[in-house]
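To be precise, the following lines are target31.pdb, and they hold PDB, C-alpha atoms and all ligand atoms.
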```
ATOM      1  CA  MET K  26     -21.308  -9.726 -23.412
ATOM      2  CA  THR K  27     -22.166  -7.144 -20.792
ATOM      3  CA  ALA K  28     -24.050  -8.629 -17.823
ATOM      4  CA  PRO K  29     -27.471  -7.120 -17.094
ATOM      5  CA  GLN K  30     -27.342  -4.305 -14.605
ATOM      6  CA  ARG K  31     -28.642  -5.200 -11.149
ATOM      7  CA  PRO K  32     -31.459  -2.809 -10.196
ATOM      8  CA  ASP K  33     -30.570  -3.148  -6.490
ATOM      9  CA  SER K  34     -26.900  -2.285  -7.005
ATOM     10  CA  VAL K  35     -25.058   0.732  -5.633
ATOM     11  CA  PHE K  36     -24.227   1.440  -9.276
ATOM     12  CA  ALA K  37     -27.938   1.859 -10.104
ATOM     13  CA  ALA K  38     -28.825   3.643  -6.851
ATOM     14  CA  VAL K  39     -26.253   6.418  -7.345
ATOM     15  CA  GLY K  40     -27.295   7.163 -10.936
ATOM     16  CA  GLY K  41     -25.472   4.562 -13.038
ATOM     17  CA  HIS K  42     -23.003   5.283 -15.816
ATOM     18  CA  ALA K  43     -23.600   9.069 -15.865
ATOM     19  CA  THR K  44     -22.603   9.412 -12.196
ATOM     20  CA  PHE K  45     -19.429   7.349 -12.644
ATOM     21  CA  THR K  46     -18.511   9.416 -15.710
ATOM     22  CA  THR K  47     -18.827  12.651 -13.682
ATOM     23  CA  LEU K  48     -16.909  11.117 -10.757
ATOM     24  CA  VAL K  49     -13.989   9.830 -12.814
ATOM     25  CA  ASP K  50     -13.804  12.977 -15.000
ATOM     26  CA  ALA K  51     -13.667  15.158 -11.882
ATOM     27  CA  PHE K  52     -11.074  12.864 -10.276
ATOM     28  CA  TYR K  53      -8.719  12.892 -13.251
ATOM     29  CA  ALA K  54      -9.175  16.646 -13.913
ATOM     30  CA  SER K  55      -7.884  17.129 -10.375
ATOM     31  CA  VAL K  56      -5.094  14.503 -10.666
ATOM     32  CA  ALA K  57      -3.896  16.212 -13.870
ATOM     33  CA  GLU K  58      -3.135  19.334 -11.793
ATOM     34  CA  ASP K  59      -1.079  17.375  -9.253
ATOM     35  CA  GLU K  60       2.586  17.206 -10.272
ATOM     36  CA  TYR K  61       3.437  14.608  -7.624
ATOM     37  CA  LEU K  62       0.766  12.146  -8.713
ATOM     38  CA  ILE K  63       0.690  12.742 -12.452
ATOM     39  CA  SER K  64       4.412  11.965 -12.718
ATOM     40  CA  MET K  65       3.534   8.323 -11.933
ATOM     41  CA  TYR K  66       1.106   7.927 -14.818
ATOM     42  CA  PRO K  67       2.788   6.047 -17.664
ATOM     43  CA  GLU K  68       0.907   7.991 -20.325
ATOM     44  CA  GLY K  69       1.336  11.349 -18.532
ATOM     45  CA  HIS K  70      -1.491  13.765 -19.273
ATOM     46  CA  GLU K  71      -2.957  11.369 -21.876
ATOM     47  CA  LEU K  72      -5.512  10.147 -19.369
ATOM     48  CA  ASP K  73      -8.266   8.704 -21.570
ATOM     49  CA  GLY K  74      -7.069   5.102 -21.101
ATOM     50  CA  ALA K  75      -6.560   5.514 -17.346
ATOM     51  CA  LYS K  76     -10.027   7.094 -17.041
ATOM     52  CA  HIS K  77     -11.653   4.245 -18.908
ATOM     53  CA  ARG K  78      -9.912   1.605 -16.767
ATOM     54  CA  LEU K  79     -10.826   3.286 -13.468
ATOM     55  CA  GLN K  80     -14.417   3.952 -14.531
ATOM     56  CA  THR K  81     -15.109   0.436 -15.789
ATOM     57  CA  PHE K  82     -13.479  -0.996 -12.660
ATOM     58  CA  LEU K  83     -15.591   1.139 -10.307
ATOM     59  CA  GLU K  84     -18.804   0.485 -12.227
ATOM     60  CA  GLN K  85     -18.168  -3.242 -11.980
ATOM     61  CA  TYR K  86     -17.127  -3.110  -8.319
ATOM     62  CA  PHE K  87     -20.345  -1.303  -7.386
ATOM     63  CA  GLY K  88     -22.555  -3.790  -9.206
ATOM     64  CA  GLY K  89     -22.772  -2.337 -12.714
ATOM     65  CA  PRO K  90     -21.678  -3.821 -16.055
ATOM     66  CA  THR K  91     -18.717  -6.218 -16.018
ATOM     67  CA  THR K  92     -16.894  -4.461 -18.863
ATOM     68  CA  TYR K  93     -13.680  -4.191 -16.827
ATOM     69  CA  GLN K  94     -13.451  -7.954 -16.345
ATOM     70  CA  GLU K  95     -14.187  -8.558 -20.014
ATOM     71  CA  GLU K  96     -11.480  -6.149 -21.161
ATOM     72  CA  ARG K  97      -8.804  -6.603 -18.479
ATOM     73  CA  GLY K  98      -9.528  -9.906 -16.728
ATOM     74  CA  HIS K  99      -9.395 -10.282 -12.942
ATOM     75  CA  PRO K 100      -8.735  -6.868 -11.356
ATOM     76  CA  ARG K 101      -5.735  -7.883  -9.162
ATOM     77  CA  LEU K 102      -5.466  -4.233  -8.282
ATOM     78  CA  ARG K 103      -2.551  -4.466  -5.883
ATOM     79  CA  MET K 104      -0.503  -6.345  -8.426
ATOM     80  CA  ARG K 105      -1.415  -3.876 -11.155
ATOM     81  CA  HIS K 106      -0.080  -1.061  -8.946
ATOM     82  CA  ASN K 107       3.299  -2.729  -8.418
ATOM     83  CA  PRO K 108       4.998  -0.629 -11.133
ATOM     84  CA  TYR K 109       4.015   2.581  -9.314
ATOM     85  CA  PRO K 110       5.636   3.647  -6.033
ATOM     86  CA  VAL K 111       2.516   4.102  -3.881
ATOM     87  CA  ASP K 112       3.554   5.483  -0.481
ATOM     88  CA  THR K 113       1.516   7.287   2.197
ATOM     89  CA  LYS K 114       1.918  10.603   0.387
ATOM     90  CA  ALA K 115       0.619   9.136  -2.899
ATOM     91  CA  LYS K 116      -2.315   7.586  -1.042
ATOM     92  CA  GLU K 117      -3.179  10.908   0.599
ATOM     93  CA  HIS K 118      -2.970  12.734  -2.723
ATOM     94  CA  TRP K 119      -5.134  10.093  -4.439
ATOM     95  CA  LEU K 120      -7.747  10.296  -1.681
ATOM     96  CA  HIS K 121      -7.719  14.108  -1.747
ATOM     97  CA  HIS K 122      -8.677  14.067  -5.435
ATOM     98  CA  MET K 123     -11.293  11.360  -4.905
ATOM     99  CA  ARG K 124     -12.840  13.294  -1.990
ATOM    100  CA  LYS K 125     -13.174  16.358  -4.235
ATOM    101  CA  ALA K 126     -14.660  14.209  -7.019
ATOM    102  CA  LEU K 127     -17.212  12.647  -4.647
ATOM    103  CA  ASP K 128     -18.180  16.142  -3.483
ATOM    104  CA  THR K 129     -18.853  17.014  -7.131
ATOM    105  CA  VAL K 130     -21.420  14.222  -7.543
ATOM    106  CA  LYS K 131     -23.216  15.069  -4.258
ATOM    107  CA  LEU K 132     -24.527  11.619  -3.364
ATOM    108  CA  PRO K 133     -26.966  11.002  -0.502
ATOM    109  CA  PRO K 134     -24.874  10.587   2.697
ATOM    110  CA  MET K 135     -25.429   6.818   2.892
ATOM    111  CA  TYR K 136     -23.882   6.250  -0.555
ATOM    112  CA  ASP K 137     -21.241   8.901  -0.107
ATOM    113  CA  ASN K 138     -20.098   7.192   3.113
ATOM    114  CA  LEU K 139     -20.225   3.743   1.574
ATOM    115  CA  MET K 140     -18.077   4.746  -1.407
ATOM    116  CA  TRP K 141     -15.684   6.848   0.670
ATOM    117  CA  ASP K 142     -15.115   3.972   3.131
ATOM    118  CA  TYR K 143     -14.269   1.744   0.223
ATOM    119  CA  PHE K 144     -11.868   4.286  -1.305
ATOM    120  CA  GLU K 145     -10.067   4.775   2.004
ATOM    121  CA  ARG K 146      -9.632   1.037   2.511
ATOM    122  CA  ALA K 147      -8.642   0.342  -1.093
ATOM    123  CA  ALA K 148      -6.131   3.212  -1.184
ATOM    124  CA  THR K 149      -4.491   1.948   2.026
ATOM    125  CA  ALA K 150      -4.279  -1.551   0.544
ATOM    126  CA  MET K 151      -2.490  -0.153  -2.514
ATOM    127  CA  ILE K 152       0.531   1.111  -0.531
ATOM    128  CA  ASN K 153       3.580  -0.800  -1.735
ATOM    129  CA  THR K 154       6.466   1.566  -0.967
ATOM    130  CA  PRO K 155       7.934   2.618   2.401
ATOM    131  CA  ASP K 156       7.859   6.315   3.206
ATOM    132  CA  PRO K 157      11.119   8.247   2.699
ATOM    133  CA  LEU K 158      13.340   8.731   5.775
ATOM    134  CA  ASP K 159      12.182  12.367   6.155
ATOM    135  CA  GLY K 160      13.714  13.877   9.266
ATOM    136  CA  ARG K 161      15.576  10.711  10.299
ATOM    137  CA  THR K 162      19.345  10.729  10.445
ATOM    138  CA  ARG K 163      22.084   8.306   9.487
ATOM    139  CA  LEU K 164      22.661   7.863  13.209
ATOM    140  CA  ASP K 165      19.141   6.364  13.552
ATOM    141  CA  ILE K 166      19.979   3.893  10.810
ATOM    142  CA  SER K 167      23.380   2.888  12.131
ATOM    143  CA  ALA K 168      21.858   2.418  15.605
ATOM    144  CA  SER K 169      19.365  -0.089  14.219
ATOM    145  CA  GLN K 170      22.148  -1.902  12.349
ATOM    146  CA  THR K 171      23.997  -2.679  15.587
ATOM    147  CA  ASP K 172      20.817  -3.921  17.238
ATOM    148  CA  PRO K 173      21.450  -7.606  17.992
ATOM    149  CA  GLN K 174      17.812  -8.343  17.130
ATOM    150  CA  THR K 175      18.214  -7.469  13.452
ATOM    151  CA  PRO K 176      17.973 -10.453  11.085
ATOM    152  CA  GLN K 177      21.514  -9.720   9.836
ATOM    153  CA  ASP K 178      22.999 -10.214  13.305
ATOM    154  CA  ARG K 179      20.857 -13.213  14.066
ATOM    155  CA  SER K 180      22.011 -15.009  10.961
ATOM    156  CA  THR K 181      25.643 -14.212  11.797
ATOM    157  CA  HIS K 182      25.295 -15.873  15.188
ATOM    158  CA  GLU K 183      23.153 -18.843  14.249
TER     159      GLU K 183
HETATM  160  C1  LIG K 201      -3.371   4.925  -3.369
HETATM  161  C2  LIG K 201      -2.954   5.678  -4.377
HETATM  162  C3  LIG K 201      -3.048   5.268  -5.820
HETATM  163  C4  LIG K 201      -2.158   5.629  -6.782
HETATM  164  C5  LIG K 201      -0.934   6.514  -6.595
HETATM  165  C6  LIG K 201      -2.606   5.010  -8.024
HETATM  166  C7  LIG K 201      -1.953   5.137  -9.236
HETATM  167  C8  LIG K 201      -2.285   4.482 -10.376
HETATM  168  C9  LIG K 201      -1.564   4.552 -11.631
HETATM  169  C10 LIG K 201      -0.307   5.391 -11.853
HETATM  170  C11 LIG K 201      -2.199   3.762 -12.509
HETATM  171  C12 LIG K 201      -1.835   3.522 -13.991
HETATM  172  C13 LIG K 201      -2.800   4.319 -14.839
HETATM  173  C14 LIG K 201      -3.301   3.547 -16.038
HETATM  174  O1  LIG K 201      -4.272   2.774 -15.891
HETATM  175  O2  LIG K 201      -2.730   3.752 -17.109
HETATM  176  C15 LIG K 201      -3.331   3.173 -11.825
HETATM  177  C16 LIG K 201      -4.211   2.292 -12.410
HETATM  178  C17 LIG K 201      -5.370   1.892 -11.819
HETATM  179  N1  LIG K 201      -5.804   2.206 -10.563
HETATM  180 FE1  LIG K 201      -4.777   3.238  -9.182
HETATM  181  N2  LIG K 201      -3.745   4.306  -7.799
HETATM  182  C18 LIG K 201      -4.068   4.426  -6.471
HETATM  183  C19 LIG K 201      -5.174   3.893  -5.846
HETATM  184  C20 LIG K 201      -6.196   3.244  -6.491
HETATM  185  C21 LIG K 201      -7.432   2.819  -5.869
HETATM  186  C22 LIG K 201      -7.792   3.069  -4.391
HETATM  187  C23 LIG K 201      -8.170   2.215  -6.824
HETATM  188  C24 LIG K 201      -9.533   1.583  -6.732
HETATM  189  C25 LIG K 201     -10.448   1.955  -5.899
HETATM  190  C26 LIG K 201      -7.402   2.250  -8.051
HETATM  191  C27 LIG K 201      -7.818   1.735  -9.251
HETATM  192  C28 LIG K 201      -7.048   1.651 -10.384
HETATM  193  C29 LIG K 201      -7.424   0.923 -11.585
HETATM  194  C30 LIG K 201      -8.716   0.159 -11.806
HETATM  195  C31 LIG K 201      -6.367   1.059 -12.470
HETATM  196  C32 LIG K 201      -6.242   0.417 -13.857
HETATM  197  C33 LIG K 201      -5.732  -1.019 -13.670
HETATM  198  C34 LIG K 201      -5.559  -1.747 -14.997
HETATM  199  O3  LIG K 201      -6.541  -2.358 -15.469
HETATM  200  O4  LIG K 201      -4.451  -1.729 -15.535
HETATM  201  N3  LIG K 201      -6.218   2.884  -7.805
HETATM  202  N4  LIG K 201      -3.355   3.633 -10.548
END
```
Taking this structure as input, can you express it in the form of structure tokens?
Amino acid sequence: MTAPQRPDSVFAAVGGHATFTTLVDAFYASVAEDEYLISMYPEGHELDGAKHRLQTFLEQYFGGPTTYQEERGHPRLRMRHNPYPVDTKAKEHWLHHMRKALDTVKLPPMYDNLMWDYFERAATAMINTPDPLDGRTRLDISASQTDPQTPQDRSTHE
């Protein structure tokens, strides 16, 4: 059963379900245009399921109905992102689309800031993949391998 909506929640204050629908629609319309990000989505451009999961999660997180929990269980968001290689570039792309989506819903600054702070922190927490070695050379790598402080060398000499 869906829990009663809290009248003092961020969910209610920003306009409830209609606002989250606009936000998530705008976000995914923008993600769908982003080749780098969309290639990670298991169902490709079939985004209805992904939209529903993100929307119910955000509604719940901001104090609205607990539909996400009822359908998916505990969020465990970091774990649920393990199959996808989230690096700094993916985080920046994700946040770019979310910034545009938040601009679409035009919330009062207090709520815009509150939600944006959360998105920035959550997106950083989702990083699970080191950045590629852009611009670094094999020499940099071999230098670190001969560093006596590396775990490999330590274990050899223990
Ligand atoms: C940092 C960059 C991020 C990337 C690249 C990313 C990517 C993805 C992908 C590829 C999926 C699978 C889509 C699907 O549900 O079928 C997913 C699921 C999801 N993401 Fe993200 N995500 C990111 C950050 C975030 C953040 C910051 C949040 C929350 C504020 C979030 C919330 C979710 C939720 C709720 C799901 C569905 C989880 C489930 O129930 O299975 N993601 N994400």
Original post:
Please, which residues have at least one atom within 8 Å of an atom of ligand LIG 201 (chain K), using all atoms listed in the file, listed as JSON, numbers by chain?
Top reply: {"K": [62, 63, 65, 66, 67, 68, 72, 74, 75, 76, 78, 79, 80, 81, 82, 83, 93, 97, 100, 102, 105, 106, 109, 110, 111, 112, 113, 115, 116, 117, 118, 119, 120, 143, 144, 145, 146, 147, 148, 149, 150, 151, 152]}
Original post:
K:Gly98, K:Pro32, K:Gly40, K:Pro108: which is nearest K:Leu132, counting all atoms listed in the file?
Top reply: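 Among the listed residues, the smallest separation from K:Leu132 belongs to K:Gly40.
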Original post:
At what distance in Å, to one decimal, does atom CA of K:Arg124 lie from atom CA of K:Leu48?
Top reply: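 That distance, rounded to one decimal, is 9.9 Å.
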Original post:
Smallest atom-to-atom distance to K:Val35: which of K:Glu96, K:Glu84, K:Asp156, K:Asp128, using all atoms listed in the file?
Top reply: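 Comparing K:Glu96, K:Glu84, K:Asp156, K:Asp128 against K:Val35, the winner is K:Glu84.
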Subject >> Residues near K:His42, cut-off 9 Å, all atoms listed in the file, skip fewer than 4 positions along chain, as a list in words >> reply: Phe36, Ala37, Thr46, Thr47, Gln80, Glu84 and Gly89 of chain K
Subject >> Separation of atom CA of K:Lys114 from atom CA of K:Ser64 in Å >> reply: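 These atoms are spaced 13.4 Å apart.
If you apply the PyMOL selection byres (((chain K and resi 50) around 12) and not hetatm) to this structure, you end up with Ala43, Thr44, Phe45, Thr46, Thr47, Leu48, Val49, Ala51, Phe52, Tyr53, Ala54, Ser55, Val56, Ala57, Leu72, Asp73, Ala75, Lys76, His77, Leu79, Gln80, His122, Met123, Lys125, Ala126, Leu127, Thr129 and Val130 of chain K.
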Size and centre in Å, one decimal, axis-aligned box, all listed stretch 100-112 of chain K atoms plus 4 Å per side, as lines of an AutoDock Vina configuration file:
```
center_x = -1.5
center_y = -1.2
center_z = -5.9
size_x = 22.4
size_y = 21.4
size_z = 18.9
```
Original post:
Using only C-alpha atoms, which of K:Thr91, K:Thr154, K:Ala38, K:Arg31 sits nearest K:Pro133?
Top reply: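 Of the candidates, the smallest distance to K:Pro133 is held by K:Ala38.
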